[in-house]
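S.K.: Okay, so here is coords.cif, and as you'll see once you scroll down, it has mmCIF, C-alpha atoms.
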data_input
#
loop_
_atom_site.group_PDB
_atom_site.id
_atom_site.type_symbol
_atom_site.label_atom_id
_atom_site.label_comp_id
_atom_site.auth_asym_id
_atom_site.auth_seq_id
_atom_site.Cartn_x
_atom_site.Cartn_y
_atom_site.Cartn_z
ATOM 1 C CA MET A 1 90.648 28.915 83.385
ATOM 2 C CA SER A 2 91.670 25.478 82.137
ATOM 3 C CA TYR A 3 88.981 23.161 80.827
ATOM 4 C CA PRO A 4 89.088 19.889 82.802
ATOM 5 C CA GLY A 5 89.816 16.669 80.960
ATOM 6 C CA GLY A 6 92.792 17.776 78.870
ATOM 7 C CA TRP A 7 90.942 18.335 75.595
ATOM 8 C CA ARG A 8 89.753 21.313 73.556
ATOM 9 C CA PRO A 9 86.045 22.069 74.163
ATOM 10 C CA HIS A 10 83.722 22.614 71.218
ATOM 11 C CA ILE A 11 81.593 25.757 70.786
ATOM 12 C CA GLU A 12 78.694 23.633 69.503
ATOM 13 C CA SER A 13 78.596 21.588 72.723
ATOM 14 C CA ALA A 14 78.000 24.644 74.942
ATOM 15 C CA LEU A 15 74.763 26.357 75.926
ATOM 16 C CA ASN A 16 74.731 29.755 74.242
ATOM 17 C CA LEU A 17 73.220 32.642 76.233
ATOM 18 C CA ASP A 18 72.397 35.283 73.613
ATOM 19 C CA LEU A 19 71.738 38.746 75.059
ATOM 20 C CA ARG A 20 70.073 40.046 71.898
ATOM 21 C CA ARG A 21 67.684 37.091 71.884
ATOM 22 C CA MET A 22 66.771 37.599 75.546
ATOM 23 C CA PHE A 23 65.795 41.202 74.847
ATOM 24 C CA GLU A 24 63.820 40.222 71.739
ATOM 25 C CA LEU A 25 61.743 37.661 73.650
ATOM 26 C CA GLY A 26 61.156 39.932 76.637
ATOM 27 C CA ALA A 27 63.234 38.002 79.157
ATOM 28 C CA LEU A 28 65.164 41.246 79.712
ATOM 29 C CA ARG A 29 63.551 44.699 79.697
ATOM 30 C CA VAL A 30 65.176 48.046 80.403
ATOM 31 C CA GLY A 31 63.870 49.640 83.601
ATOM 32 C CA SER A 32 62.111 46.444 84.736
ATOM 33 C CA ASP A 33 62.422 43.348 86.881
ATOM 34 C CA THR A 34 61.772 40.120 84.984
ATOM 35 C CA ALA A 35 61.805 36.449 85.975
ATOM 36 C CA GLY A 36 61.046 33.144 84.373
ATOM 37 C CA THR A 37 62.606 30.130 82.665
ATOM 38 C CA TRP A 38 64.971 30.322 79.697
ATOM 39 C CA GLN A 39 65.066 27.219 77.485
ATOM 40 C CA TRP A 40 67.296 25.825 74.769
ATOM 41 C CA THR A 41 65.641 23.632 72.147
ATOM 42 C CA ARG A 42 66.758 21.308 69.385
ATOM 43 C CA ASP A 43 64.357 20.176 66.661
ATOM 44 C CA GLY A 44 61.501 21.675 68.653
ATOM 45 C CA ALA A 45 62.279 19.797 71.879
ATOM 46 C CA ALA A 46 63.695 21.364 75.058
ATOM 47 C CA VAL A 47 67.244 20.174 75.797
ATOM 48 C CA SER A 48 68.110 22.394 78.783
ATOM 49 C CA SER A 49 66.760 25.285 80.828
ATOM 50 C CA VAL A 50 67.700 27.770 83.547
ATOM 51 C CA GLY A 51 65.664 29.963 85.830
ATOM 52 C CA TYR A 52 66.388 33.680 85.607
ATOM 53 C CA HIS A 53 65.705 36.842 87.608
ATOM 54 C CA ALA A 54 66.867 40.113 86.070
ATOM 55 C CA THR A 55 66.884 43.721 87.236
ATOM 56 C CA LEU A 56 67.815 46.335 84.632
ATOM 57 C CA GLY A 57 68.129 50.080 85.008
ATOM 58 C CA GLU A 58 68.702 52.519 82.187
ATOM 59 C CA GLY A 59 72.398 51.742 81.772
ATOM 60 C CA SER A 60 73.299 48.717 83.887
ATOM 61 C CA GLY A 61 71.799 45.752 85.665
ATOM 62 C CA SER A 62 72.182 42.105 86.535
ATOM 63 C CA VAL A 63 70.628 38.734 85.863
ATOM 64 C CA THR A 64 70.862 35.733 88.159
ATOM 65 C CA LEU A 65 70.614 32.307 86.560
ATOM 66 C CA THR A 66 69.715 29.266 88.663
ATOM 67 C CA TYR A 67 70.380 25.724 87.481
ATOM 68 C CA SER A 68 72.115 22.495 88.420
ATOM 69 C CA SER A 69 75.582 21.585 87.195
ATOM 70 C CA GLY A 70 77.973 18.644 87.337
ATOM 71 C CA ASP A 71 77.786 14.911 86.776
ATOM 72 C CA ASP A 72 74.552 13.082 87.594
ATOM 73 C CA ALA A 73 76.122 11.617 90.745
ATOM 74 C CA GLU A 74 77.469 14.972 91.960
ATOM 75 C CA ARG A 75 75.069 17.631 90.705
ATOM 76 C CA GLN A 76 74.997 20.891 92.616
ATOM 77 C CA SER A 77 72.704 23.899 92.572
ATOM 78 C CA ILE A 78 74.283 26.984 90.979
ATOM 79 C CA ALA A 79 73.284 30.633 91.211
ATOM 80 C CA CYS A 80 75.259 32.502 88.543
ATOM 81 C CA THR A 81 74.891 36.285 88.761
ATOM 82 C CA LEU A 82 75.960 38.173 85.638
ATOM 83 C CA ARG A 83 76.485 41.921 85.474
ATOM 84 C CA LEU A 84 75.116 43.832 82.499
ATOM 85 C CA VAL A 85 76.583 47.104 81.300
ATOM 86 C CA THR A 86 76.032 49.438 78.360
ATOM 87 C CA LEU A 87 78.109 51.487 75.954
ATOM 88 C CA PRO A 88 76.815 54.365 73.801
ATOM 89 C CA ARG A 89 76.111 53.716 70.140
ATOM 90 C CA HIS A 90 77.636 56.074 67.579
ATOM 91 C CA TYR A 91 74.190 56.828 66.151
ATOM 92 C CA GLY A 92 72.374 57.181 69.480
ATOM 93 C CA GLY A 93 71.082 54.891 72.193
ATOM 94 C CA ARG A 94 73.057 52.305 74.113
ATOM 95 C CA ILE A 95 74.087 48.696 73.489
ATOM 96 C CA TRP A 96 73.967 46.116 76.262
ATOM 97 C CA TYR A 97 76.675 43.603 77.176
ATOM 98 C CA PHE A 98 77.160 40.763 79.607
ATOM 99 C CA VAL A 99 80.289 40.944 81.768
ATOM 100 C CA CYS A 100 82.102 37.593 81.952
ATOM 101 C CA PRO A 101 82.346 36.511 85.614
ATOM 102 C CA TYR A 102 85.784 34.971 85.005
ATOM 103 C CA THR A 103 87.565 37.515 82.802
ATOM 104 C CA GLY A 104 85.571 40.733 83.127
ATOM 105 C CA LYS A 105 85.332 40.888 79.307
ATOM 106 C CA ARG A 106 82.181 42.311 77.737
ATOM 107 C CA ALA A 107 80.243 40.012 75.420
ATOM 108 C CA ARG A 108 76.910 39.755 73.664
ATOM 109 C CA LYS A 109 77.008 35.974 74.106
ATOM 110 C CA LEU A 110 78.192 33.799 76.985
ATOM 111 C CA TYR A 111 78.710 30.035 76.978
ATOM 112 C CA LYS A 112 78.192 27.228 79.487
ATOM 113 C CA TRP A 113 80.015 23.921 79.072
ATOM 114 C CA ALA A 114 78.964 20.827 80.970
ATOM 115 C CA ARG A 115 82.076 20.798 83.171
ATOM 116 C CA ILE A 116 82.234 24.555 83.858
ATOM 117 C CA ASP A 117 80.007 25.954 86.611
ATOM 118 C CA TRP A 118 79.237 29.442 85.262
ATOM 119 C CA PHE A 119 78.377 30.997 81.935
ATOM 120 C CA CYS A 120 81.438 32.772 80.552
ATOM 121 C CA HIS A 121 83.160 34.453 77.628
ATOM 122 C CA ARG A 122 84.741 31.822 75.377
ATOM 123 C CA ALA A 123 88.113 33.551 75.882
ATOM 124 C CA ALA A 124 87.938 32.476 79.546
ATOM 125 C CA ILE A 125 88.528 28.828 78.602
ATOM 126 C CA LYS A 126 91.977 27.345 77.967
ATOM 127 C CA PRO A 127 92.621 25.799 75.522
ATOM 128 C CA LYS A 128 90.471 28.112 73.396
ATOM 129 C CA PRO A 129 87.192 26.513 72.244
ATOM 130 C CA THR A 130 86.801 25.954 68.496
ATOM 131 C CA TYR A 131 83.999 25.646 65.948
ATOM 132 C CA ALA A 132 83.370 22.485 63.920
ATOM 133 C CA CYS A 133 84.694 24.068 60.728
ATOM 134 C CA GLN A 134 88.005 24.781 62.496
ATOM 135 C CA ARG A 135 88.369 21.119 63.461
ATOM 136 C CA VAL A 136 87.955 19.751 59.947
ATOM 137 C CA GLY A 137 91.195 18.375 58.562
ATOM 138 C CA GLY A 138 92.883 19.937 55.548
ATOM 139 C CA SER A 139 91.666 17.412 52.989
ATOM 140 C CA ASP A 140 88.138 17.346 54.423
ATOM 141 C CA ARG A 141 88.036 21.149 54.329
ATOM 142 C CA ILE A 142 89.047 21.177 50.650
ATOM 143 C CA THR A 143 86.419 18.543 49.844
ATOM 144 C CA ALA A 144 83.753 20.636 51.590
ATOM 145 C CA GLN A 145 84.858 23.705 49.616
ATOM 146 C CA ARG A 146 84.639 21.828 46.319
ATOM 147 C CA TRP A 147 81.144 20.528 47.061
ATOM 148 C CA ALA A 148 80.065 24.037 48.114
ATOM 149 C CA LEU A 149 81.397 25.348 44.807
ATOM 150 C CA ARG A 150 79.409 22.728 42.858
ATOM 151 C CA ARG A 151 76.237 23.730 44.720
ATOM 152 C CA LYS A 152 76.923 27.390 43.960
ATOM 153 C CA MET A 153 77.222 26.490 40.277
ATOM 154 C CA GLY A 154 73.932 24.589 40.338
ATOM 155 C CA ASP A 155 75.825 21.430 39.362
ATOM 156 C CA ASP A 156 73.835 18.404 40.575
ATOM 157 C CA PHE A 157 75.394 15.890 38.166
ATOM 158 C CA SER A 158 79.177 15.723 38.516
ATOM 159 C CA ASP A 159 81.350 14.209 41.226
ATOM 160 C CA LEU A 160 84.713 15.340 42.526
ATOM 161 C CA PHE A 161 86.641 12.890 40.349
ATOM 162 C CA GLY A 162 85.885 14.815 37.160
ATOM 163 C CA ASP A 163 85.333 18.321 35.904
ATOM 164 C CA PRO A 164 82.267 20.281 37.007
ATOM 165 C CA TYR A 165 79.177 20.348 34.802
ATOM 166 C CA LYS A 166 78.122 23.647 33.205
ATOM 167 C CA PRO A 167 74.426 24.489 33.633
ATOM 168 C CA LYS A 168 72.808 25.866 30.466
ATOM 169 C CA TRP A 169 71.943 29.175 32.130
ATOM 170 C CA MET A 170 75.485 29.959 33.325
ATOM 171 C CA ARG A 171 77.749 32.266 31.342
ATOM 172 C CA TRP A 172 80.932 30.662 30.067
ATOM 173 C CA ARG A 173 83.090 33.290 31.768
ATOM 174 C CA THR A 174 81.459 32.555 35.125
ATOM 175 C CA PHE A 175 81.729 28.812 34.605
ATOM 176 C CA GLU A 176 85.401 29.028 33.651
ATOM 177 C CA ARG A 177 86.158 31.060 36.786
ATOM 178 C CA HIS A 178 84.446 28.472 39.007
ATOM 179 C CA ALA A 179 86.062 25.567 37.142
ATOM 180 C CA ALA A 180 89.504 27.127 37.584
ATOM 181 C CA ARG A 181 88.871 27.474 41.325
ATOM 182 C CA ASP A 182 87.773 23.825 41.487
ATOM 183 C CA ALA A 183 90.929 22.734 39.655
ATOM 184 C CA GLU A 184 93.055 24.766 42.062
ATOM 185 C CA LEU A 185 91.420 23.074 45.057
ATOM 186 C CA ALA A 186 91.791 19.629 43.455
ATOM 187 C CA GLU A 187 95.497 20.249 42.838
ATOM 188 C CA ARG A 188 95.968 21.393 46.425
ATOM 189 C CA ASP A 189 94.261 18.237 47.680
ATOM 190 C CA SER A 190 96.448 16.039 45.437
ATOM 191 C CA SER A 191 99.581 17.777 46.722
ATOM 192 C CA LYS A 192 98.535 17.122 50.324
ATOM 193 C CA PHE A 193 97.942 13.457 49.536
ATOM 194 C CA ALA A 194 101.305 13.190 47.792
ATOM 195 C CA ARG A 195 103.088 14.667 50.833
ATOM 196 C CA ILE A 196 101.375 12.144 53.096
ATOM 197 C CA LEU A 197 102.488 9.278 50.862
ATOM 198 C CA SER A 198 105.996 10.688 50.748
ATOM 199 C CA ARG A 199 106.203 10.742 54.549
ATOM 200 C CA LEU A 200 105.160 7.082 54.475
ATOM 201 C CA GLY A 201 108.037 6.332 52.119
ATOM 202 C CA ILE A 202 105.862 5.765 49.064
ATOM 203 C CA ASN A 203 107.096 7.181 45.768
ATOM 204 C CA VAL A 204 104.053 8.671 44.056
ATOM 205 C CA ASP A 205 105.686 8.531 40.599
ATOM 206 C CA GLU A 206 105.862 4.729 40.850
ATOM 207 C CA HIS A 207 102.121 4.412 41.316
ATOM 208 C CA LYS A 208 99.252 4.960 38.895
ATOM 209 C CA TRP A 209 96.116 6.097 40.661
#
Just give me the structure as structure tokens.
M.R.:
Amino acid sequence: MSYPGGWRPHIESALNLDLRRMFELGALRVGSDTAGTWQWTRDGAAVSSVGYHATLGEGSGSVTLTYSSGDDAERQSIACTLRLVTLPRHYGGRIWYFVCPYTGKRARKLYKWARIDWFCHRAAIKPKPTYACQRVGGSDRITAQRWALRRKMGDDFSDLFGDPYKPKWMRWRTFERHAARDAELAERDSSKFARILSRLGINVDEHKW
């Protein structure tokens, strides 16, 4: 199913329906009928909600979600019925899965984007949705890795323009390993920058940075 609008949807922008969480909070119970409201919150405040009515047997069941979808001017009422199935665990018992209404794939989590009517497996959407870390550019990703390395080292003093600072408690062998990794990342970042300048017709050797 193609995502409307011609752009790649983001995982973080979707509502995430987590099967494990629904069992933990009692919204779903094996051998029971349950009903209520399922909410998503951010910083303690509700951002969205759906009504649910579930019927589960010992090995299969279904849950119907009711909500409105679409733009404010053209919102419509949706009743999305999801099948639930189980597979045996190797060490006993059974594990529950949603069945994606678009692809038939089993999943422990389903997603709902603003411009898609039903909750679905992320593989149902084309182009494939991505996470924020996958959308970070090459140089930004290297910068994030270098800062993460400094935090791991307990270095709260240095910046990325110089060498990392060695905390007193850290062994020299450990510090040297981290410093070598930082130097490798810095060199990779410099090489990327040099290639960009080269494509722009700028000779790096003629410039002092």
S.K.: Applied to this file, what does the PyMOL selection byres ((chain A and resi 77-91) around 9) return in terms of residues, put as a ChimeraX atom specification?
M.R.: /A:56,58-69,75-76,92-101,106,117-119
S.K.: I need the output of the PyMOL selection byres ((chain A and resi 166-174) around 8) for this file as a list in words; which residues are they?
M.R.: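 Evaluating the PyMOL selection byres ((chain A and resi 166-174) around 8) on these coordinates yields Met153, Gly154, Asp155, Pro164, Tyr165, Phe175, Glu176, Arg177 and His178 of chain A.
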S.K.: I want to know what sits within 10 Å of Leu19 (chain A), based on only C-alpha atoms, with residues of the same chain fewer than 3 positions away left out; could you give that as a list in words?
M.R.: Asn16, Met22, Phe23, Glu24, Ala27, Leu28, Leu84, Trp96, Tyr97, Phe98, Ala107, Arg108, Lys109 and Leu110 of chain A
S.K.: Please compute the CA of Arg188 (chain A)-CA of Ala148 (chain A) distance, one decimal, in Å.
M.R.: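 According to the coordinates, CA of Arg188 (chain A) and CA of Ala148 (chain A) are separated by 16.2 Å.
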S.K.: Between CA of Gln145 (chain A) and CA of Asp182 (chain A), what is the distance in Å, rounded to a tenth?
M.R.: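 Taking CA of Gln145 (chain A) as the start and CA of Asp182 (chain A) as the end point, the length is 8.6 Å.
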S.K.: Mind listing whatever residues come within 6 Å of the point (65.3, 45.0, 85.5)? Use all atoms listed in the file, file coordinates, and give them as a list in words.
M.R.: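 Output: Val30, Gly31, Ser32, Asp33, Ala54, Thr55, Leu56 and Gly57 of chain A.
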S.K.: Using CA of Ile11 (chain A) and CA of Glu74 (chain A) as the two end points, give the distance in Å to one decimal.
M.R.: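 Taking CA of Ile11 (chain A) and CA of Glu74 (chain A), their separation equals 24.1 Å.
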S.K.: Using the chain letters and numbers from the file, which residues does the PyMOL selection byres ((chain A and resi 39-46) around 12) grab, as an MDAnalysis selection string?
M.R.: chainID A and resid 14:18 21:22 25 27 36:38 47:52 65 67 112
S.K.: Working from the structure I just supplied, which lacks atoms in region 111-122 of chain A, can you model N, CA and C atoms there and output them as a PDB file, in the frame of the given file?
M.R.:
ATOM      1  N   TYR A 111      78.818  31.474  77.223  1.00  0.00           N
ATOM      2  CA  TYR A 111      78.710  30.035  76.978  1.00  0.00           C
ATOM      3  C   TYR A 111      78.837  29.255  78.279  1.00  0.00           C
ATOM      4  N   LYS A 112      78.137  28.112  78.315  1.00  0.00           N
ATOM      5  CA  LYS A 112      78.192  27.228  79.487  1.00  0.00           C
ATOM      6  C   LYS A 112      78.470  25.808  79.016  1.00  0.00           C
ATOM      7  N   TRP A 113      79.662  25.301  79.372  1.00  0.00           N
ATOM      8  CA  TRP A 113      80.015  23.921  79.072  1.00  0.00           C
ATOM      9  C   TRP A 113      79.645  23.031  80.242  1.00  0.00           C
ATOM     10  N   ALA A 114      79.462  21.758  79.962  1.00  0.00           N
ATOM     11  CA  ALA A 114      78.964  20.827  80.970  1.00  0.00           C
ATOM     12  C   ALA A 114      79.853  20.781  82.213  1.00  0.00           C
ATOM     13  N   ARG A 115      81.157  20.959  82.039  1.00  0.00           N
ATOM     14  CA  ARG A 115      82.076  20.798  83.171  1.00  0.00           C
ATOM     15  C   ARG A 115      82.597  22.136  83.702  1.00  0.00           C
ATOM     16  N   ILE A 116      81.937  23.229  83.327  1.00  0.00           N
ATOM     17  CA  ILE A 116      82.234  24.555  83.858  1.00  0.00           C
ATOM     18  C   ILE A 116      80.998  25.053  84.589  1.00  0.00           C
ATOM     19  N   ASP A 117      81.163  25.594  85.790  1.00  0.00           N
ATOM     20  CA  ASP A 117      80.007  25.954  86.611  1.00  0.00           C
ATOM     21  C   ASP A 117      79.227  27.151  86.077  1.00  0.00           C
ATOM     22  N   TRP A 118      79.913  28.205  85.626  1.00  0.00           N
ATOM     23  CA  TRP A 118      79.237  29.442  85.262  1.00  0.00           C
ATOM     24  C   TRP A 118      79.275  29.698  83.762  1.00  0.00           C
ATOM     25  N   PHE A 119      78.334  30.500  83.305  1.00  0.00           N
ATOM     26  CA  PHE A 119      78.377  30.997  81.935  1.00  0.00           C
ATOM     27  C   PHE A 119      79.537  31.979  81.813  1.00  0.00           C
ATOM     28  N   CYS A 120      80.233  31.954  80.667  1.00  0.00           N
ATOM     29  CA  CYS A 120      81.438  32.772  80.552  1.00  0.00           C
ATOM     30  C   CYS A 120      81.731  33.138  79.103  1.00  0.00           C
ATOM     31  N   HIS A 121      82.610  34.094  78.944  1.00  0.00           N
ATOM     32  CA  HIS A 121      83.160  34.453  77.628  1.00  0.00           C
ATOM     33  C   HIS A 121      84.012  33.275  77.155  1.00  0.00           C
ATOM     34  N   ARG A 122      83.963  32.983  75.858  1.00  0.00           N
ATOM     35  CA  ARG A 122      84.741  31.822  75.377  1.00  0.00           C
ATOM     36  C   ARG A 122      86.238  32.024  75.554  1.00  0.00           C
TER      37      ARG A 122
END
